[in-house]
Structures are given as structure tokens and as C-alpha cells.
file final.cif (mmCIF, C-alpha atoms)
data_input
loop_
_atom_site.label_atom_id
_atom_site.label_comp_id
_atom_site.auth_asym_id
_atom_site.auth_seq_id
_atom_site.Cartn_x
_atom_site.Cartn_y
_atom_site.Cartn_z
CA MET O 1 112.97 81.73 195.08
CA CYS O 2 114.24 79.29 192.49
CA ARG O 3 117.86 79.04 191.42
CA ARG O 4 117.21 80.66 188.01
CA HIS O 5 115.60 83.77 189.53
CA SER O 6 118.38 83.99 192.08
CA ALA O 7 120.91 84.03 189.21
CA GLN O 8 118.85 86.73 187.45
CA GLN O 9 118.93 88.83 190.61
CA ARG O 10 122.71 88.55 190.90
CA SER O 11 123.13 89.42 187.22
CA MET O 12 120.92 92.52 187.50
CA MET O 13 122.69 93.70 190.63
CA HIS O 14 126.08 93.24 188.98
CA SER O 15 125.17 94.74 185.59
CA PHE O 16 122.81 97.55 186.53
CA GLY O 17 123.40 98.20 190.23
CA PHE O 18 119.91 97.41 191.40
CA GLY O 19 118.09 94.31 192.50
CA TRP O 20 115.01 92.25 191.86
CA GLN O 21 112.70 94.62 193.77
CA ARG O 22 113.68 97.56 191.53
CA PHE O 23 113.10 95.38 188.46
CA LEU O 24 109.63 94.45 189.73
CA GLU O 25 108.87 98.15 190.34
CA MET O 26 109.96 99.03 186.79
CA SER O 27 107.86 96.19 185.40
CA ALA O 28 104.79 97.35 187.34
CA ALA O 29 105.34 100.95 186.14
CA GLN O 30 105.15 99.62 182.55
CA ASN O 31 102.07 97.48 183.39
CA HIS O 32 104.31 94.41 182.91
CA ARG O 33 104.47 95.14 179.19
CA CYS O 34 107.23 95.70 176.65
CA ALA O 35 107.88 99.42 176.13
CA ILE O 36 107.94 98.90 172.34
CA CYS O 37 105.34 96.31 171.31
CA GLY O 38 103.26 96.01 174.48
CA ALA O 39 103.76 92.24 174.85
CA HIS O 40 103.05 91.03 178.38
CA GLY O 41 106.09 89.98 180.37
CA ASP O 42 106.05 87.76 183.43
CA PRO O 43 109.10 87.74 185.71
CA ALA O 44 108.13 84.24 186.85
CA ASP O 45 108.66 82.56 183.48
CA ASP O 46 110.73 82.68 180.30
CA ASN O 47 108.45 85.40 178.90
CA ARG O 48 110.11 87.94 181.18
CA LEU O 49 111.00 91.48 180.23
CA HIS O 50 114.62 92.41 179.66
CA ILE O 51 116.43 95.51 180.89
CA ASP O 52 117.26 97.76 177.94
CA HIS O 53 120.12 100.18 178.46
CA ASP O 54 122.27 102.61 176.53
CA HIS O 55 125.53 100.80 175.82
CA ASP O 56 127.55 104.03 175.88
CA SER O 57 126.24 105.59 179.09
CA GLY O 58 125.02 102.42 180.82
CA LEU O 59 121.76 104.18 181.71
CA VAL O 60 118.62 102.06 181.78
CA ARG O 61 115.96 103.05 179.22
CA GLY O 62 113.20 100.61 180.13
CA LEU O 63 112.04 97.01 179.87
CA LEU O 64 111.55 95.18 176.58
CA CYS O 65 110.41 91.73 175.52
CA GLY O 66 113.13 89.45 174.20
CA LEU O 67 112.18 89.97 170.55
CA CYS O 68 112.24 93.78 170.74
CA ASN O 69 115.44 93.74 172.79
CA ARG O 70 117.17 91.55 170.19
CA GLY O 71 115.63 93.54 167.34
CA ILE O 72 117.04 96.90 168.38
CA GLY O 73 120.32 95.18 169.22
CA ALA O 74 120.50 93.68 165.73
CA LEU O 75 120.02 97.19 164.34
CA ARG O 76 122.89 98.43 166.56
CA HIS O 77 120.67 100.56 168.84
CA ASP O 78 120.89 103.23 166.15
CA PRO O 79 117.77 105.41 165.82
CA GLU O 80 118.58 106.29 162.20
CA THR O 81 118.91 102.63 161.23
CA LEU O 82 115.62 101.89 163.01
CA ARG O 83 113.93 104.77 161.13
CA SER O 84 115.34 103.43 157.84
CA ALA O 85 113.98 99.97 158.65
CA MET O 86 110.55 101.47 159.37
CA GLN O 87 110.62 103.40 156.10
CA TYR O 88 111.66 100.28 154.19
CA LEU O 89 108.73 98.32 155.62
CA ALA O 90 106.31 101.16 154.82
CA ASP O 91 107.67 101.57 151.27
CA THR O 92 107.51 97.85 150.52
CA ASP O 93 104.09 97.15 152.03
CA THR O 94 102.82 93.94 150.46
CA SER O 95 99.61 93.67 152.48
CA GLY O 96 97.64 94.18 149.25
CA GLY O 97 99.11 90.94 147.89
CA GLU O 98 101.38 92.61 145.33
CA SER O 99 105.14 92.99 145.02
CA ASN O 100 107.38 94.35 142.28
CA LEU O 101 109.83 91.55 142.99
CA GLY O 102 107.48 88.57 142.81
CA ARG O 103 106.68 85.87 145.36
CA LEU O 104 108.87 83.30 147.05
CA SER O 105 107.62 79.79 146.44
#

call {"tool": "encode", "arguments": {"input": "final.cif", "output": "C-alpha cells"}}
result
Amino acid sequence: MCRRHSAQQRSMMHSFGFGWQRFLEMSAAQNHRCAICGAHGDPADDNRLHIDHDHDSGLVRGLLCGLCNRGIGALRHDPETLRSAMQYLADTDTSGGESNLGRLS
């Protein structure tokens, strides 16, 4: 095992109390895909899945790709804020090529 994966193993064991084998089992249970967007994650490269956990309880929720993990973190892991963001995107759908606010050049 390479040095980087060895460091990942130590970090997981320290942070979440379980090792690389448990991570691989969780990844397989999710078909090696992000629990939110379904992006494929590969533990052998930089496209790996990340352990998502509740910051208050410390309990693991699942595995996410880096973008989804950072996205929910940026929205403070708050379900109401995430719902508001979803509503905002739905209410301001510009897929038809129109916007009340104009276009950025």
C-alpha cells in the first residue's frame, strides 16, 4: 500500500474509529458511488469517496464525493438551508434561456 493510502487509513481510524476495510465495505454497499449525486468513487485515486458524518453526534451518515461533501459543508449541514437552496434553484430555473435579471457578459 502506498504512503498516501496508509495516511488515509490512519486518519480514518483516528477520526471515525474504523479502518480501511470498513471503508471499503461501506463503499461497496453504496456501489462505490456518492450517496447524493451517484458519482463513481475509486479508493485508489483522488476521485475517492469521503466519509460524511454528523458533526454533533460524530455518527457516520455515508460516503460522498468531494463536491457533495464540500457542498453540504458550505451550507452548514443544515437541512433547512439545503431545502432553501433547492427551492431557490427551482424558482430561478433559467433552462429556458430567460431571466428576470438579465445575462452576465

call {"tool": "atom_distance", "arguments": {"input": "final.cif", "atom1": "CA of Gly17 in chain O", "atom2": "CA of Leu63 in chain O"}}
result
15.4 Å

call {"tool": "resolve_selection", "arguments": {"input": "final.cif", "expression": "the PyMOL selection byres ((chain O and resi 35) around 7)", "output": "list in words"}}
result
Gln30, Arg33, Cys34, Ile36, Cys37, Gly38, Gly62, Leu63 and Leu64 of chain O

call {"tool": "resolve_selection", "arguments": {"input": "final.cif", "expression": "the PyMOL selection byres ((chain O and resi 51) around 9)", "output": "MDAnalysis selection string"}}
result
chainID O and resid 12 16 23 49:50 52:53 60:65 69

call {"tool": "atom_distance", "arguments": {"input": "final.cif", "atom1": "CA of Gly73 in chain O", "atom2": "CA of Asp93 in chain O"}}
result
23.7 Å

call {"tool": "residues_around", "arguments": {"input": "final.cif", "residues": "Asp78 in chain O", "least_positions_apart": "6", "cutoff": "12 Å", "atoms": "all atoms listed in the file", "output": "ChimeraX atom specification"}}
result
/O:54-56,71-72,84-85

call {"tool": "atom_distance", "arguments": {"input": "final.cif", "atom1": "CA of Gly41 in chain O", "atom2": "CA of Ala29 in chain O"}}
result
12.4 Å

call {"tool": "build_atoms", "arguments": {"input": "final.cif", "residues": "range 73-87 of chain O", "atoms": "N, CA and C atoms", "output": "PDB file, in the coordinates of the input"}}
result
ATOM      1  N   GLY O  73     118.907  95.544 169.153  1.00  0.00           N
ATOM      2  CA  GLY O  73     120.320  95.180 169.220  1.00  0.00           C
ATOM      3  C   GLY O  73     120.865  94.820 167.851  1.00  0.00           C
ATOM      4  N   ALA O  74     120.076  94.068 167.078  1.00  0.00           N
ATOM      5  CA  ALA O  74     120.500  93.680 165.730  1.00  0.00           C
ATOM      6  C   ALA O  74     120.665  94.892 164.832  1.00  0.00           C
ATOM      7  N   LEU O  75     119.908  95.955 165.119  1.00  0.00           N
ATOM      8  CA  LEU O  75     120.020  97.190 164.340  1.00  0.00           C
ATOM      9  C   LEU O  75     120.942  98.199 165.045  1.00  0.00           C
ATOM     10  N   ARG O  76     121.801  97.685 165.896  1.00  0.00           N
ATOM     11  CA  ARG O  76     122.890  98.430 166.560  1.00  0.00           C
ATOM     12  C   ARG O  76     122.415  99.590 167.431  1.00  0.00           C
ATOM     13  N   HIS O  77     121.197  99.511 167.942  1.00  0.00           N
ATOM     14  CA  HIS O  77     120.670 100.560 168.840  1.00  0.00           C
ATOM     15  C   HIS O  77     120.752 101.937 168.205  1.00  0.00           C
ATOM     16  N   ASP O  78     120.724 101.973 166.881  1.00  0.00           N
ATOM     17  CA  ASP O  78     120.890 103.230 166.150  1.00  0.00           C
ATOM     18  C   ASP O  78     119.531 103.745 165.679  1.00  0.00           C
ATOM     19  N   PRO O  79     119.079 104.888 166.210  1.00  0.00           N
ATOM     20  CA  PRO O  79     117.770 105.410 165.820  1.00  0.00           C
ATOM     21  C   PRO O  79     117.623 105.621 164.306  1.00  0.00           C
ATOM     22  N   GLU O  80     118.669 106.060 163.640  1.00  0.00           N
ATOM     23  CA  GLU O  80     118.580 106.290 162.200  1.00  0.00           C
ATOM     24  C   GLU O  80     118.381 104.980 161.440  1.00  0.00           C
ATOM     25  N   THR O  81     119.082 103.940 161.855  1.00  0.00           N
ATOM     26  CA  THR O  81     118.910 102.630 161.230  1.00  0.00           C
ATOM     27  C   THR O  81     117.497 102.105 161.480  1.00  0.00           C
ATOM     28  N   LEU O  82     116.990 102.311 162.692  1.00  0.00           N
ATOM     29  CA  LEU O  82     115.620 101.890 163.010  1.00  0.00           C
ATOM     30  C   LEU O  82     114.610 102.663 162.164  1.00  0.00           C
ATOM     31  N   ARG O  83     114.828 103.977 161.979  1.00  0.00           N
ATOM     32  CA  ARG O  83     113.930 104.770 161.130  1.00  0.00           C
ATOM     33  C   ARG O  83     113.980 104.270 159.682  1.00  0.00           C
ATOM     34  N   SER O  84     115.190 103.955 159.204  1.00  0.00           N
ATOM     35  CA  SER O  84     115.340 103.430 157.840  1.00  0.00           C
ATOM     36  C   SER O  84     114.608 102.106 157.678  1.00  0.00           C
ATOM     37  N   ALA O  85     114.684 101.250 158.694  1.00  0.00           N
ATOM     38  CA  ALA O  85     113.980  99.970 158.650  1.00  0.00           C
ATOM     39  C   ALA O  85     112.469 100.194 158.599  1.00  0.00           C
ATOM     40  N   MET O  86     111.981 101.147 159.388  1.00  0.00           N
ATOM     41  CA  MET O  86     110.550 101.470 159.370  1.00  0.00           C
ATOM     42  C   MET O  86     110.128 101.979 158.004  1.00  0.00           C
ATOM     43  N   GLN O  87     110.942 102.846 157.417  1.00  0.00           N
ATOM     44  CA  GLN O  87     110.620 103.400 156.100  1.00  0.00           C
ATOM     45  C   GLN O  87     110.624 102.300 155.042  1.00  0.00           C
TER      46      GLN O  87
END
